[in-house]
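*Asks:* After the structure tokens below, expect a handful of questions from me.
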Amino acid sequence: MFDESTLDANAVAGELEVLFAVEMTAVVGKCAHCGNEAAVGTLRAYVNAPGVVLRCSICGEVVIAWAWTPTGGRVDRSGASWLGQPSGAAPSAAAPSEA
Amino acid sequence: MPPEPLVWQIATVSAIRGETERASSFTLSLPAWRPHRAGQHYDVRLTAADGYQAQRSYSIASPPAHTGVVDLTIERIPDGEVSPYFHDVLEVGDLVEVRGPIGGYFVWEPALGGPLLLVAGGSGVVPLMAMIRQRAAAGDTTPTTLLYSARDVDDLIYRDELDALAGDGLRVLPTLTRAHPPGWTGYARRVDEPMLAEVLAALGPDPLVYACGPTLLVETVAAGLVNLGVPPDRVRTERFGPSN
């Protein structure tokens with residue numbers, strides 16, 4: 001399912017932060033395909049394409065993908081049932097707090 | 001306080017230090033420096049005269065306490081687009097476009113505790129070194145083991161500093177995959193599950209693991225640790241892609 005060119009979402013954390021205006025790799029998401037709940041940072045990243053594809057580390061399906069157009073980024077996150085802050089997570093300097 | 005947007009800025013190279021034959025540390029002075037967390041990286045962007053751009057991510061090697069500057073340790077990839085520019089062209093005083101610090105998943109700070117197992121392949125040691133340096137700077141005593149795979153002794157980045165920092169709960173275990181000096185008593189093979197089992201047994205229960213390096217090494221580590229009973233949510237990985 002994964003090969004030696006596979007990266008983690010951390011490799012595109014900068015693009016994710018620009019697209020979502022918040023640090024995203026510590027955000028938790030639920031895979032809409034298999035139900036796995038894990039940090040966005042665990043998603044496998046594929047970057048050798050016109051856009052970027054992030055796949056579930058368990059089932060390999062696409063969770064988040066985006067491409068840059070002349071007018072900005074366009075994100076498809078229909079492979080995520082939800083995205084949110086982890087419960088009981090250590091506060092992050094870059095992520096919004098729950099308070 | 002809302003997060004500040006991630007923007008590109010022009011950094012000045014204020015120092016260059018050779019680490020090994022293939023790796024050097026570049027100290028960048030940042031006009032819009034922000035505190036970072038150990039494990040984070042910066043994106044670097046080069047723009048050619050014709051507008052072509054190449055972008056790569058490089059881990060921060062320095063601990064968060066160094067204000068105004070960051071050290072990026074960069075390995076020279078012979079057919080790379082960005083790293084040869086750093087090694088062959090950039091000089092002290094030159095300018096380079098960067099944004100960061102970036103990332104919030106592959107980070108460690110003393111409050112996250114341990115025991116800490118750090119597994120590095122090649123230049124994958126860089127973000128783990130930021131964690132080790134922060135641990136040392138904070139006087140933290142979290143039991144920590146660094147299992148560090150490299151081709152040979154001369155390829156071990158930060159070797160002297162790691163030797164000096166070892167102790168106070170820090171074990172440094174190099175494993176040399178191609179050549180080792182006469183009398184070498186350390187590991188001398190690629191990281192495998194029996195090696196991980198030995199290291200884990202000495203470290204204690206419920207470790208927090210950070211593994212960084214070529215994808216195949218990280219896959220071996222992640223799968224091996226799961227087989228050895230480490231919960232997947234205690235293992236954080238950063239895959240570099242193919243080994244060089």
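Identifiers for the structure tokens are assigned positionally: chains receive A, B, ... in sequence, residues are indexed from 1 per chain, and ligands are indexed from 1 in the order shown.
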Starting from chain B, keep only residues with some atom at most 7 Å from an atom of chain A, counting only C-alpha atoms, and report them as a VMD selection string.
*Replies:* chain B and resid 2 to 3 5 to 6 57 102 to 105 215 to 216 238 to 242
*Asks:* Got a sec to tell me which of chain A DSSP assigns to helix (DSSP H, G or I), as an MDAnalysis selection string?
*Replies:* chainID A and resid 9:20 40:42
*Asks:* Those same residues, written as an mmCIF file, in the first residue's frame with C-alpha atoms?
*Replies:*
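Saved the output as part-v9.cif:
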data_model
loop_
_atom_site.group_PDB
_atom_site.id
_atom_site.type_symbol
_atom_site.label_atom_id
_atom_site.label_comp_id
_atom_site.auth_asym_id
_atom_site.auth_seq_id
_atom_site.Cartn_x
_atom_site.Cartn_y
_atom_site.Cartn_z
ATOM 1 C CA ALA A 9 1.852 14.812 6.399
ATOM 2 C CA ASN A 10 4.482 16.600 8.470
ATOM 3 C CA ALA A 11 6.398 17.091 5.210
ATOM 4 C CA VAL A 12 3.597 19.362 3.942
ATOM 5 C CA ALA A 13 2.742 20.924 7.311
ATOM 6 C CA GLY A 14 3.632 24.364 5.968
ATOM 7 C CA GLU A 15 1.139 24.112 3.105
ATOM 8 C CA LEU A 16 -1.501 22.768 5.493
ATOM 9 C CA GLU A 17 -0.951 25.700 7.834
ATOM 10 C CA VAL A 18 -1.330 28.162 4.964
ATOM 11 C CA LEU A 19 -4.517 26.447 3.718
ATOM 12 C CA PHE A 20 -6.222 26.125 7.115
ATOM 13 C CA VAL A 40 -3.375 14.587 10.650
ATOM 14 C CA GLY A 41 0.385 14.150 11.104
ATOM 15 C CA THR A 42 -0.068 10.373 10.776
#
*Asks:* At a cut-off of 6 Å, using only C-alpha atoms, what residues contact region 50-64 of chain A? Leave out same-chain residues fewer than 4 positions from it and give the result as a ChimeraX atom specification.
*Replies:* /A:43-46,76-77,79-80
*Asks:* Taking only region 37-231 of chain B into account, list the residues labelled strand (DSSP E) by DSSP (computed from the backbone), as a compact mmCIF listing (two decimals) with all heavy atoms, in the first residue's frame.
*Replies:*
# COMPACT_ATOMS: atom_id res chain seq x y z
N HIS B 41 10.20 22.18 11.85
CA HIS B 41 11.08 22.45 10.73
C HIS B 41 10.79 23.82 10.12
O HIS B 41 9.81 24.48 10.48
CB HIS B 41 10.95 21.35 9.66
CG HIS B 41 9.60 21.25 9.00
ND1 HIS B 41 8.64 20.35 9.40
CD2 HIS B 41 9.06 21.94 7.97
CE1 HIS B 41 7.57 20.48 8.65
NE2 HIS B 41 7.79 21.43 7.78
N TYR B 42 11.67 24.21 9.22
CA TYR B 42 11.44 25.38 8.37
C TYR B 42 11.33 24.93 6.93
O TYR B 42 11.99 23.97 6.52
CB TYR B 42 12.60 26.40 8.50
CG TYR B 42 12.38 27.43 9.58
CD1 TYR B 42 12.60 27.10 10.92
CD2 TYR B 42 11.94 28.71 9.29
CE1 TYR B 42 12.38 28.03 11.93
CE2 TYR B 42 11.72 29.65 10.29
CZ TYR B 42 11.94 29.31 11.60
OH TYR B 42 11.72 30.23 12.60
N ASP B 43 10.49 25.60 6.17
CA ASP B 43 10.49 25.44 4.73
C ASP B 43 11.49 26.43 4.14
O ASP B 43 11.56 27.59 4.60
CB ASP B 43 9.10 25.74 4.13
CG ASP B 43 8.09 24.63 4.38
OD1 ASP B 43 8.51 23.52 4.78
OD2 ASP B 43 6.89 24.88 4.18
N VAL B 44 12.24 25.99 3.15
CA VAL B 44 13.21 26.84 2.46
C VAL B 44 12.80 26.90 0.99
O VAL B 44 12.44 25.89 0.40
CB VAL B 44 14.63 26.25 2.57
CG1 VAL B 44 15.61 27.07 1.75
CG2 VAL B 44 15.07 26.18 4.03
N ARG B 45 12.83 28.10 0.43
CA ARG B 45 12.42 28.27 -0.97
C ARG B 45 13.51 29.01 -1.74
O ARG B 45 13.97 30.07 -1.32
CB ARG B 45 11.11 29.08 -1.02
CG ARG B 45 10.56 29.28 -2.41
CD ARG B 45 9.13 29.80 -2.36
NE ARG B 45 9.05 31.21 -1.96
CZ ARG B 45 7.90 31.88 -1.85
NH1 ARG B 45 6.75 31.26 -2.07
NH2 ARG B 45 7.90 33.15 -1.50
N LEU B 46 13.90 28.42 -2.85
CA LEU B 46 14.86 29.07 -3.75
C LEU B 46 14.12 29.49 -5.02
O LEU B 46 13.29 28.75 -5.53
CB LEU B 46 15.99 28.12 -4.13
CG LEU B 46 16.79 27.48 -2.98
CD1 LEU B 46 17.88 26.57 -3.55
CD2 LEU B 46 17.41 28.55 -2.09
N THR B 47 14.44 30.67 -5.50
CA THR B 47 13.81 31.17 -6.71
C THR B 47 14.89 31.50 -7.74
O THR B 47 15.80 32.28 -7.46
CB THR B 47 12.97 32.44 -6.42
OG1 THR B 47 12.02 32.15 -5.39
CG2 THR B 47 12.24 32.90 -7.67
N GLN B 53 10.81 27.89 -8.93
CA GLN B 53 11.03 27.78 -7.50
C GLN B 53 11.19 26.33 -7.08
O GLN B 53 10.53 25.44 -7.61
CB GLN B 53 9.86 28.40 -6.73
CG GLN B 53 9.79 29.92 -6.89
CD GLN B 53 8.76 30.56 -6.00
OE1 GLN B 53 7.69 30.02 -5.81
NE2 GLN B 53 9.08 31.73 -5.46
N ALA B 54 12.07 26.10 -6.14
CA ALA B 54 12.24 24.79 -5.51
C ALA B 54 12.12 24.97 -4.02
O ALA B 54 12.66 25.94 -3.46
CB ALA B 54 13.60 24.18 -5.87
N GLN B 55 11.40 24.06 -3.37
CA GLN B 55 11.12 24.21 -1.94
C GLN B 55 11.39 22.88 -1.22
O GLN B 55 11.05 21.82 -1.72
CB GLN B 55 9.66 24.61 -1.76
CG GLN B 55 9.26 24.88 -0.33
CD GLN B 55 7.78 25.27 -0.24
OE1 GLN B 55 7.29 26.04 -1.06
NE2 GLN B 55 7.09 24.74 0.75
N ARG B 56 12.04 22.96 -0.05
CA ARG B 56 12.27 21.78 0.77
C ARG B 56 12.05 22.14 2.24
O ARG B 56 12.08 23.31 2.61
CB ARG B 56 13.71 21.26 0.60
CG ARG B 56 14.04 20.72 -0.78
CD ARG B 56 13.32 19.43 -1.10
NE ARG B 56 13.71 18.90 -2.40
CZ ARG B 56 13.21 19.28 -3.57
NH1 ARG B 56 12.29 20.22 -3.61
NH2 ARG B 56 13.63 18.74 -4.70
N SER B 57 11.85 21.12 3.05
CA SER B 57 11.72 21.30 4.49
C SER B 57 12.98 20.80 5.18
O SER B 57 13.46 19.72 4.84
CB SER B 57 10.51 20.51 5.02
OG SER B 57 9.33 20.94 4.39
N TYR B 58 13.49 21.56 6.14
CA TYR B 58 14.67 21.15 6.90
C TYR B 58 14.40 21.30 8.39
O TYR B 58 13.92 22.35 8.85
CB TYR B 58 15.89 21.96 6.48
CG TYR B 58 16.30 21.68 5.06
CD1 TYR B 58 16.17 22.65 4.08
CD2 TYR B 58 16.79 20.42 4.68
CE1 TYR B 58 16.53 22.39 2.76
CE2 TYR B 58 17.14 20.15 3.36
CZ TYR B 58 17.00 21.14 2.41
OH TYR B 58 17.34 20.88 1.12
N SER B 59 14.74 20.27 9.14
CA SER B 59 14.47 20.26 10.57
C SER B 59 15.38 21.23 11.30
O SER B 59 16.54 21.44 10.92
CB SER B 59 14.68 18.86 11.14
OG SER B 59 13.69 17.99 10.64
N VAL B 69 17.69 33.20 16.16
CA VAL B 69 18.35 32.37 15.16
C VAL B 69 17.82 30.93 15.24
O VAL B 69 17.27 30.52 16.25
CB VAL B 69 19.89 32.32 15.37
CG1 VAL B 69 20.49 33.71 15.19
CG2 VAL B 69 20.23 31.75 16.74
N VAL B 70 17.98 30.22 14.14
CA VAL B 70 17.79 28.77 14.16
C VAL B 70 18.96 28.13 13.42
O VAL B 70 19.52 28.72 12.49
CB VAL B 70 16.48 28.31 13.49
CG1 VAL B 70 15.27 28.72 14.31
CG2 VAL B 70 16.37 28.80 12.06
N ASP B 71 19.30 26.93 13.85
CA ASP B 71 20.27 26.13 13.12
C ASP B 71 19.51 25.06 12.33
O ASP B 71 18.72 24.32 12.90
CB ASP B 71 21.22 25.40 14.08
CG ASP B 71 22.25 26.32 14.70
OD1 ASP B 71 22.24 27.53 14.36
OD2 ASP B 71 23.07 25.85 15.50
N LEU B 72 19.77 24.99 11.03
CA LEU B 72 19.26 23.90 10.21
C LEU B 72 20.45 23.04 9.81
O LEU B 72 21.42 23.55 9.24
CB LEU B 72 18.57 24.44 8.94
CG LEU B 72 17.48 25.50 9.13
CD1 LEU B 72 16.90 25.88 7.76
CD2 LEU B 72 16.36 25.00 10.04
N THR B 73 20.41 21.76 10.14
CA THR B 73 21.46 20.86 9.68
C THR B 73 20.97 20.17 8.41
O THR B 73 19.91 19.54 8.41
CB THR B 73 21.82 19.82 10.75
OG1 THR B 73 22.22 20.50 11.94
CG2 THR B 73 22.96 18.92 10.27
N ILE B 74 21.73 20.34 7.34
CA ILE B 74 21.27 19.91 6.02
C ILE B 74 22.28 18.95 5.42
O ILE B 74 23.49 19.24 5.37
CB ILE B 74 21.08 21.14 5.10
CG1 ILE B 74 20.00 22.06 5.70
CG2 ILE B 74 20.71 20.70 3.68
CD1 ILE B 74 19.80 23.35 4.92
N GLU B 75 21.79 17.81 4.98
CA GLU B 75 22.65 16.84 4.29
C GLU B 75 22.66 17.16 2.81
O GLU B 75 21.62 17.47 2.21
CB GLU B 75 22.10 15.42 4.52
CG GLU B 75 22.97 14.33 3.92
CD GLU B 75 22.40 12.94 4.12
OE1 GLU B 75 21.26 12.82 4.64
OE2 GLU B 75 23.08 11.98 3.76
N LEU B 95 21.59 35.68 1.76
CA LEU B 95 20.19 35.69 2.15
C LEU B 95 19.48 34.45 1.61
O LEU B 95 19.81 33.95 0.53
CB LEU B 95 19.50 36.95 1.59
CG LEU B 95 20.18 38.29 1.94
CD1 LEU B 95 19.43 39.44 1.27
CD2 LEU B 95 20.22 38.50 3.45
N VAL B 96 18.50 33.99 2.36
CA VAL B 96 17.73 32.82 1.92
C VAL B 96 16.30 32.96 2.44
O VAL B 96 16.06 33.47 3.54
CB VAL B 96 18.40 31.50 2.39
CG1 VAL B 96 18.47 31.42 3.90
CG2 VAL B 96 17.71 30.29 1.81
N GLU B 97 15.33 32.53 1.60
CA GLU B 97 13.92 32.71 1.93
C GLU B 97 13.39 31.49 2.71
O GLU B 97 13.52 30.36 2.23
CB GLU B 97 13.12 32.90 0.64
CG GLU B 97 11.76 33.47 0.84
CD GLU B 97 11.05 33.78 -0.48
OE1 GLU B 97 11.41 33.20 -1.53
OE2 GLU B 97 10.12 34.58 -0.45
N VAL B 98 12.80 31.74 3.86
CA VAL B 98 12.32 30.64 4.71
C VAL B 98 10.97 31.01 5.32
O VAL B 98 10.59 32.18 5.38
CB VAL B 98 13.31 30.33 5.86
CG1 VAL B 98 14.68 29.96 5.31
CG2 VAL B 98 13.42 31.49 6.84
N ARG B 99 10.24 29.97 5.76
CA ARG B 99 9.06 30.18 6.60
C ARG B 99 9.03 29.12 7.68
O ARG B 99 9.42 27.98 7.45
CB ARG B 99 7.77 30.19 5.78
CG ARG B 99 7.40 28.85 5.20
CD ARG B 99 6.09 28.93 4.42
NE ARG B 99 5.77 27.62 3.83
CZ ARG B 99 4.80 27.41 2.96
NH1 ARG B 99 4.04 28.40 2.55
NH2 ARG B 99 4.58 26.19 2.47
N GLY B 100 8.53 29.52 8.86
CA GLY B 100 8.46 28.57 9.95
C GLY B 100 8.34 29.29 11.28
O GLY B 100 8.20 30.53 11.30
N PRO B 101 8.43 28.63 12.39
CA PRO B 101 8.57 27.17 12.51
C PRO B 101 7.27 26.45 12.17
O PRO B 101 6.20 27.03 12.34
CB PRO B 101 8.94 26.97 13.99
CG PRO B 101 8.31 28.15 14.69
CD PRO B 101 8.36 29.29 13.71
N ILE B 102 7.38 25.22 11.69
CA ILE B 102 6.25 24.48 11.16
C ILE B 102 6.13 23.12 11.86
O ILE B 102 7.14 22.46 12.11
CB ILE B 102 6.43 24.28 9.64
CG1 ILE B 102 6.32 25.63 8.91
CG2 ILE B 102 5.40 23.29 9.10
CD1 ILE B 102 6.78 25.57 7.47
N LEU B 116 11.75 8.12 26.76
CA LEU B 116 11.80 8.59 25.39
C LEU B 116 12.72 7.68 24.57
O LEU B 116 13.87 7.48 24.91
CB LEU B 116 12.36 10.01 25.41
CG LEU B 116 12.09 10.98 24.28
CD1 LEU B 116 10.61 11.11 24.00
CD2 LEU B 116 12.67 12.34 24.66
N LEU B 117 12.16 7.13 23.48
CA LEU B 117 12.98 6.39 22.52
C LEU B 117 13.02 7.19 21.22
O LEU B 117 11.99 7.43 20.60
CB LEU B 117 12.39 5.00 22.26
CG LEU B 117 13.07 4.20 21.14
CD1 LEU B 117 14.56 4.01 21.41
CD2 LEU B 117 12.39 2.85 20.95
N LEU B 118 14.21 7.60 20.85
CA LEU B 118 14.43 8.36 19.62
C LEU B 118 15.16 7.46 18.64
O LEU B 118 16.22 6.93 18.97
CB LEU B 118 15.25 9.62 19.91
CG LEU B 118 14.76 10.50 21.07
CD1 LEU B 118 15.74 11.65 21.32
CD2 LEU B 118 13.36 11.04 20.79
N VAL B 119 14.59 7.26 17.46
CA VAL B 119 15.22 6.40 16.46
C VAL B 119 15.49 7.23 15.21
O VAL B 119 14.56 7.81 14.63
CB VAL B 119 14.35 5.19 16.10
CG1 VAL B 119 15.11 4.24 15.18
CG2 VAL B 119 13.89 4.45 17.36
N ALA B 120 16.76 7.29 14.82
CA ALA B 120 17.16 8.13 13.69
C ALA B 120 17.84 7.30 12.62
O ALA B 120 18.61 6.39 12.91
CB ALA B 120 18.12 9.23 14.16
N GLY B 121 17.57 7.63 11.37
CA GLY B 121 18.34 7.12 10.25
C GLY B 121 18.98 8.29 9.54
O GLY B 121 18.29 9.21 9.10
N THR B 144 16.10 8.63 28.32
CA THR B 144 16.08 8.81 26.87
C THR B 144 17.12 7.91 26.22
O THR B 144 18.26 7.85 26.68
CB THR B 144 16.38 10.28 26.52
OG1 THR B 144 15.41 11.12 27.14
CG2 THR B 144 16.37 10.50 25.01
N THR B 145 16.70 7.21 25.18
CA THR B 145 17.65 6.44 24.37
C THR B 145 17.58 6.91 22.93
O THR B 145 16.49 7.01 22.36
CB THR B 145 17.33 4.93 24.43
OG1 THR B 145 17.48 4.46 25.76
CG2 THR B 145 18.26 4.15 23.51
N LEU B 146 18.73 7.22 22.37
CA LEU B 146 18.82 7.53 20.94
C LEU B 146 19.43 6.32 20.24
O LEU B 146 20.59 5.97 20.49
CB LEU B 146 19.70 8.77 20.71
CG LEU B 146 20.04 9.05 19.23
CD1 LEU B 146 18.80 9.42 18.42
CD2 LEU B 146 21.10 10.16 19.11
N LEU B 147 18.65 5.69 19.36
CA LEU B 147 19.15 4.63 18.50
C LEU B 147 19.37 5.25 17.13
O LEU B 147 18.43 5.73 16.50
CB LEU B 147 18.14 3.48 18.44
CG LEU B 147 18.48 2.29 17.55
CD1 LEU B 147 19.78 1.63 17.98
CD2 LEU B 147 17.34 1.27 17.57
N TYR B 148 20.63 5.28 16.69
CA TYR B 148 21.01 6.15 15.57
C TYR B 148 21.72 5.31 14.51
O TYR B 148 22.85 4.87 14.71
CB TYR B 148 21.91 7.26 16.12
CG TYR B 148 22.42 8.28 15.14
CD1 TYR B 148 22.00 8.32 13.81
CD2 TYR B 148 23.34 9.24 15.55
CE1 TYR B 148 22.48 9.27 12.94
CE2 TYR B 148 23.83 10.20 14.69
CZ TYR B 148 23.40 10.20 13.38
OH TYR B 148 23.89 11.14 12.52
N SER B 149 21.06 5.11 13.39
CA SER B 149 21.61 4.32 12.29
C SER B 149 22.35 5.21 11.30
O SER B 149 21.80 6.20 10.82
CB SER B 149 20.48 3.57 11.58
OG SER B 149 20.96 2.89 10.45
N ALA B 150 23.61 4.85 11.03
CA ALA B 150 24.41 5.61 10.06
C ALA B 150 25.30 4.63 9.30
O ALA B 150 25.46 3.49 9.70
CB ALA B 150 25.26 6.66 10.77
N LEU B 170 20.60 9.74 29.50
CA LEU B 170 20.65 9.66 28.04
C LEU B 170 21.61 8.56 27.60
O LEU B 170 22.80 8.60 27.94
CB LEU B 170 21.10 11.00 27.44
CG LEU B 170 21.36 10.99 25.93
CD1 LEU B 170 20.07 10.72 25.15
CD2 LEU B 170 22.00 12.29 25.46
N ARG B 171 21.08 7.58 26.86
CA ARG B 171 21.92 6.56 26.23
C ARG B 171 21.98 6.85 24.74
O ARG B 171 20.95 7.13 24.12
CB ARG B 171 21.34 5.15 26.42
CG ARG B 171 21.38 4.62 27.82
CD ARG B 171 20.78 3.20 27.84
NE ARG B 171 21.72 2.19 27.37
CZ ARG B 171 21.34 1.03 26.83
NH1 ARG B 171 20.06 0.75 26.65
NH2 ARG B 171 22.25 0.14 26.47
N VAL B 172 23.15 6.75 24.16
CA VAL B 172 23.30 6.93 22.72
C VAL B 172 23.81 5.62 22.14
O VAL B 172 24.89 5.14 22.52
CB VAL B 172 24.28 8.09 22.41
CG1 VAL B 172 24.47 8.23 20.91
CG2 VAL B 172 23.76 9.39 23.01
N LEU B 173 23.02 5.02 21.26
CA LEU B 173 23.35 3.72 20.68
C LEU B 173 23.45 3.86 19.16
O LEU B 173 22.44 3.75 18.46
CB LEU B 173 22.27 2.69 21.04
CG LEU B 173 22.03 2.42 22.53
CD1 LEU B 173 20.85 1.49 22.70
CD2 LEU B 173 23.28 1.82 23.16
N PRO B 174 24.66 4.10 18.63
CA PRO B 174 24.79 4.11 17.17
C PRO B 174 24.74 2.69 16.63
O PRO B 174 25.17 1.74 17.31
CB PRO B 174 26.20 4.70 16.95
CG PRO B 174 26.72 5.08 18.29
CD PRO B 174 25.93 4.34 19.31
N THR B 175 24.19 2.53 15.44
CA THR B 175 24.33 1.27 14.73
C THR B 175 24.87 1.59 13.34
O THR B 175 24.34 2.47 12.65
CB THR B 175 23.03 0.45 14.69
OG1 THR B 175 23.28 -0.78 14.00
CG2 THR B 175 21.88 1.18 14.02
N LEU B 176 25.96 0.93 12.98
CA LEU B 176 26.68 1.26 11.75
C LEU B 176 26.40 0.19 10.71
O LEU B 176 26.65 -0.99 10.93
CB LEU B 176 28.18 1.36 12.04
CG LEU B 176 28.54 2.34 13.16
CD1 LEU B 176 30.05 2.34 13.42
CD2 LEU B 176 28.05 3.74 12.83
N LEU B 208 7.59 6.70 24.89
CA LEU B 208 7.13 7.64 23.87
C LEU B 208 8.20 7.64 22.79
O LEU B 208 9.38 7.85 23.09
CB LEU B 208 6.96 9.03 24.49
CG LEU B 208 6.47 10.16 23.58
CD1 LEU B 208 5.11 9.84 22.97
CD2 LEU B 208 6.38 11.47 24.38
N VAL B 209 7.81 7.36 21.53
CA VAL B 209 8.78 7.10 20.48
C VAL B 209 8.69 8.16 19.37
O VAL B 209 7.59 8.50 18.92
CB VAL B 209 8.57 5.71 19.86
CG1 VAL B 209 9.68 5.39 18.86
CG2 VAL B 209 8.50 4.64 20.94
N TYR B 210 9.85 8.63 18.95
CA TYR B 210 9.95 9.49 17.77
C TYR B 210 10.93 8.84 16.82
O TYR B 210 12.08 8.58 17.20
CB TYR B 210 10.44 10.89 18.15
CG TYR B 210 9.47 11.66 19.00
CD1 TYR B 210 9.39 11.43 20.37
CD2 TYR B 210 8.62 12.61 18.44
CE1 TYR B 210 8.48 12.12 21.16
CE2 TYR B 210 7.71 13.31 19.22
CZ TYR B 210 7.65 13.06 20.58
OH TYR B 210 6.75 13.74 21.37
N ALA B 211 10.47 8.55 15.60
CA ALA B 211 11.33 7.90 14.61
C ALA B 211 11.39 8.78 13.37
O ALA B 211 10.35 9.20 12.84
CB ALA B 211 10.80 6.52 14.25
N CYS B 212 12.61 9.06 12.89
CA CYS B 212 12.78 9.96 11.77
C CYS B 212 13.90 9.48 10.88
O CYS B 212 15.00 9.18 11.36
CB CYS B 212 13.09 11.37 12.28
SG CYS B 212 13.21 12.60 10.97
N GLY B 213 13.64 9.39 9.58
CA GLY B 213 14.67 8.97 8.65
C GLY B 213 14.06 8.50 7.36
O GLY B 213 12.89 8.81 7.06
*Asks:* Measuring atom to atom with only C-alpha atoms, identify which of B:Arg34, B:His180, B:His66, B:Arg135 is nearest to Asp168 (chain B).
*Replies:*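 The shortest atom-to-atom distance to Asp168 (chain B) comes from B:Arg135.
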*Asks:* Which polymer residues have any atom within 7 Å of an atom of Ala130 (chain B), counting only C-alpha atoms, with same-chain residues fewer than 3 positions away left out, as a VMD selection string?
*Replies:* chain B and resid 38 to 39 60 to 63 126 to 127 133 to 134
*Asks:* Choose the residue, out of B:Pro214, B:Gly224, B:Gly139, B:Pro207, that has the smallest atom-to-atom separation from Pro194 (chain B); count only C-alpha atoms.
*Replies:*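 Answer, going by the shortest atom-to-atom distance: B:Gly224.
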*Asks:* Mind giving me the straight-line distance from CA of Ser83 (chain B) to CA of Asp155 (chain B) in Å, one decimal?
*Replies:* 16.9 Å
*Asks:* Just give me the gap between CA of Val226 (chain B) and CA of Thr177 (chain B) in Å, one decimal is fine.
*Replies:*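 The value is 23.5 Å.
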*Asks:* For CA of Val230 (chain B) and CA of Cys34 (chain A), determine how far apart the two atoms are, in Å to one decimal place.
*Replies:*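 Interatomic distance, CA of Val230 (chain B) to CA of Cys34 (chain A): 22.0 Å.
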*Asks:* Skipping near chain neighbours, those fewer than 5 positions away, what residues fall within 10 Å of Gly204 (chain B) using only C-alpha atoms, listed as number ranges by chain?
*Replies:* B: 114-116, 143, 199
*Asks:* Save the residues we just selected, all heavy atoms, as a PDB file, in the first residue's frame?
*Replies:*
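The result, stored in selection09.pdb:
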ATOM      1  N   GLY B 114       8.260  10.733  29.189  1.00  0.00           N
ATOM      2  CA  GLY B 114       8.876   9.609  28.507  1.00  0.00           C
ATOM      3  C   GLY B 114       8.441   8.315  29.147  1.00  0.00           C
ATOM      4  O   GLY B 114       7.298   8.257  29.609  1.00  0.00           O
ATOM      5  N   PRO B 115       9.318   7.316  29.269  1.00  0.00           N
ATOM      6  CA  PRO B 115      10.688   7.336  28.740  1.00  0.00           C
ATOM      7  C   PRO B 115      10.687   7.509  27.222  1.00  0.00           C
ATOM      8  O   PRO B 115       9.761   7.105  26.541  1.00  0.00           O
ATOM      9  CB  PRO B 115      11.255   5.978  29.161  1.00  0.00           C
ATOM     10  CG  PRO B 115      10.064   5.099  29.381  1.00  0.00           C
ATOM     11  CD  PRO B 115       8.964   6.002  29.843  1.00  0.00           C
ATOM     12  N   LEU B 116      11.749   8.121  26.760  1.00  0.00           N
ATOM     13  CA  LEU B 116      11.801   8.585  25.386  1.00  0.00           C
ATOM     14  C   LEU B 116      12.716   7.683  24.568  1.00  0.00           C
ATOM     15  O   LEU B 116      13.874   7.477  24.909  1.00  0.00           O
ATOM     16  CB  LEU B 116      12.357  10.012  25.411  1.00  0.00           C
ATOM     17  CG  LEU B 116      12.088  10.983  24.284  1.00  0.00           C
ATOM     18  CD1 LEU B 116      10.605  11.109  24.000  1.00  0.00           C
ATOM     19  CD2 LEU B 116      12.671  12.341  24.664  1.00  0.00           C
ATOM     20  N   PRO B 143      14.286   9.617  31.110  1.00  0.00           N
ATOM     21  CA  PRO B 143      15.125   8.559  30.539  1.00  0.00           C
ATOM     22  C   PRO B 143      14.980   8.543  29.013  1.00  0.00           C
ATOM     23  O   PRO B 143      13.860   8.477  28.496  1.00  0.00           O
ATOM     24  CB  PRO B 143      14.550   7.283  31.161  1.00  0.00           C
ATOM     25  CG  PRO B 143      13.831   7.739  32.393  1.00  0.00           C
ATOM     26  CD  PRO B 143      13.315   9.112  32.085  1.00  0.00           C
ATOM     27  N   VAL B 199      16.467  -2.623  23.019  1.00  0.00           N
ATOM     28  CA  VAL B 199      16.497  -1.228  23.448  1.00  0.00           C
ATOM     29  C   VAL B 199      15.303  -0.909  24.338  1.00  0.00           C
ATOM     30  O   VAL B 199      15.422  -0.241  25.370  1.00  0.00           O
ATOM     31  CB  VAL B 199      16.544  -0.311  22.209  1.00  0.00           C
ATOM     32  CG1 VAL B 199      16.400   1.149  22.608  1.00  0.00           C
ATOM     33  CG2 VAL B 199      17.833  -0.535  21.431  1.00  0.00           C
TER      34      VAL B 199
END
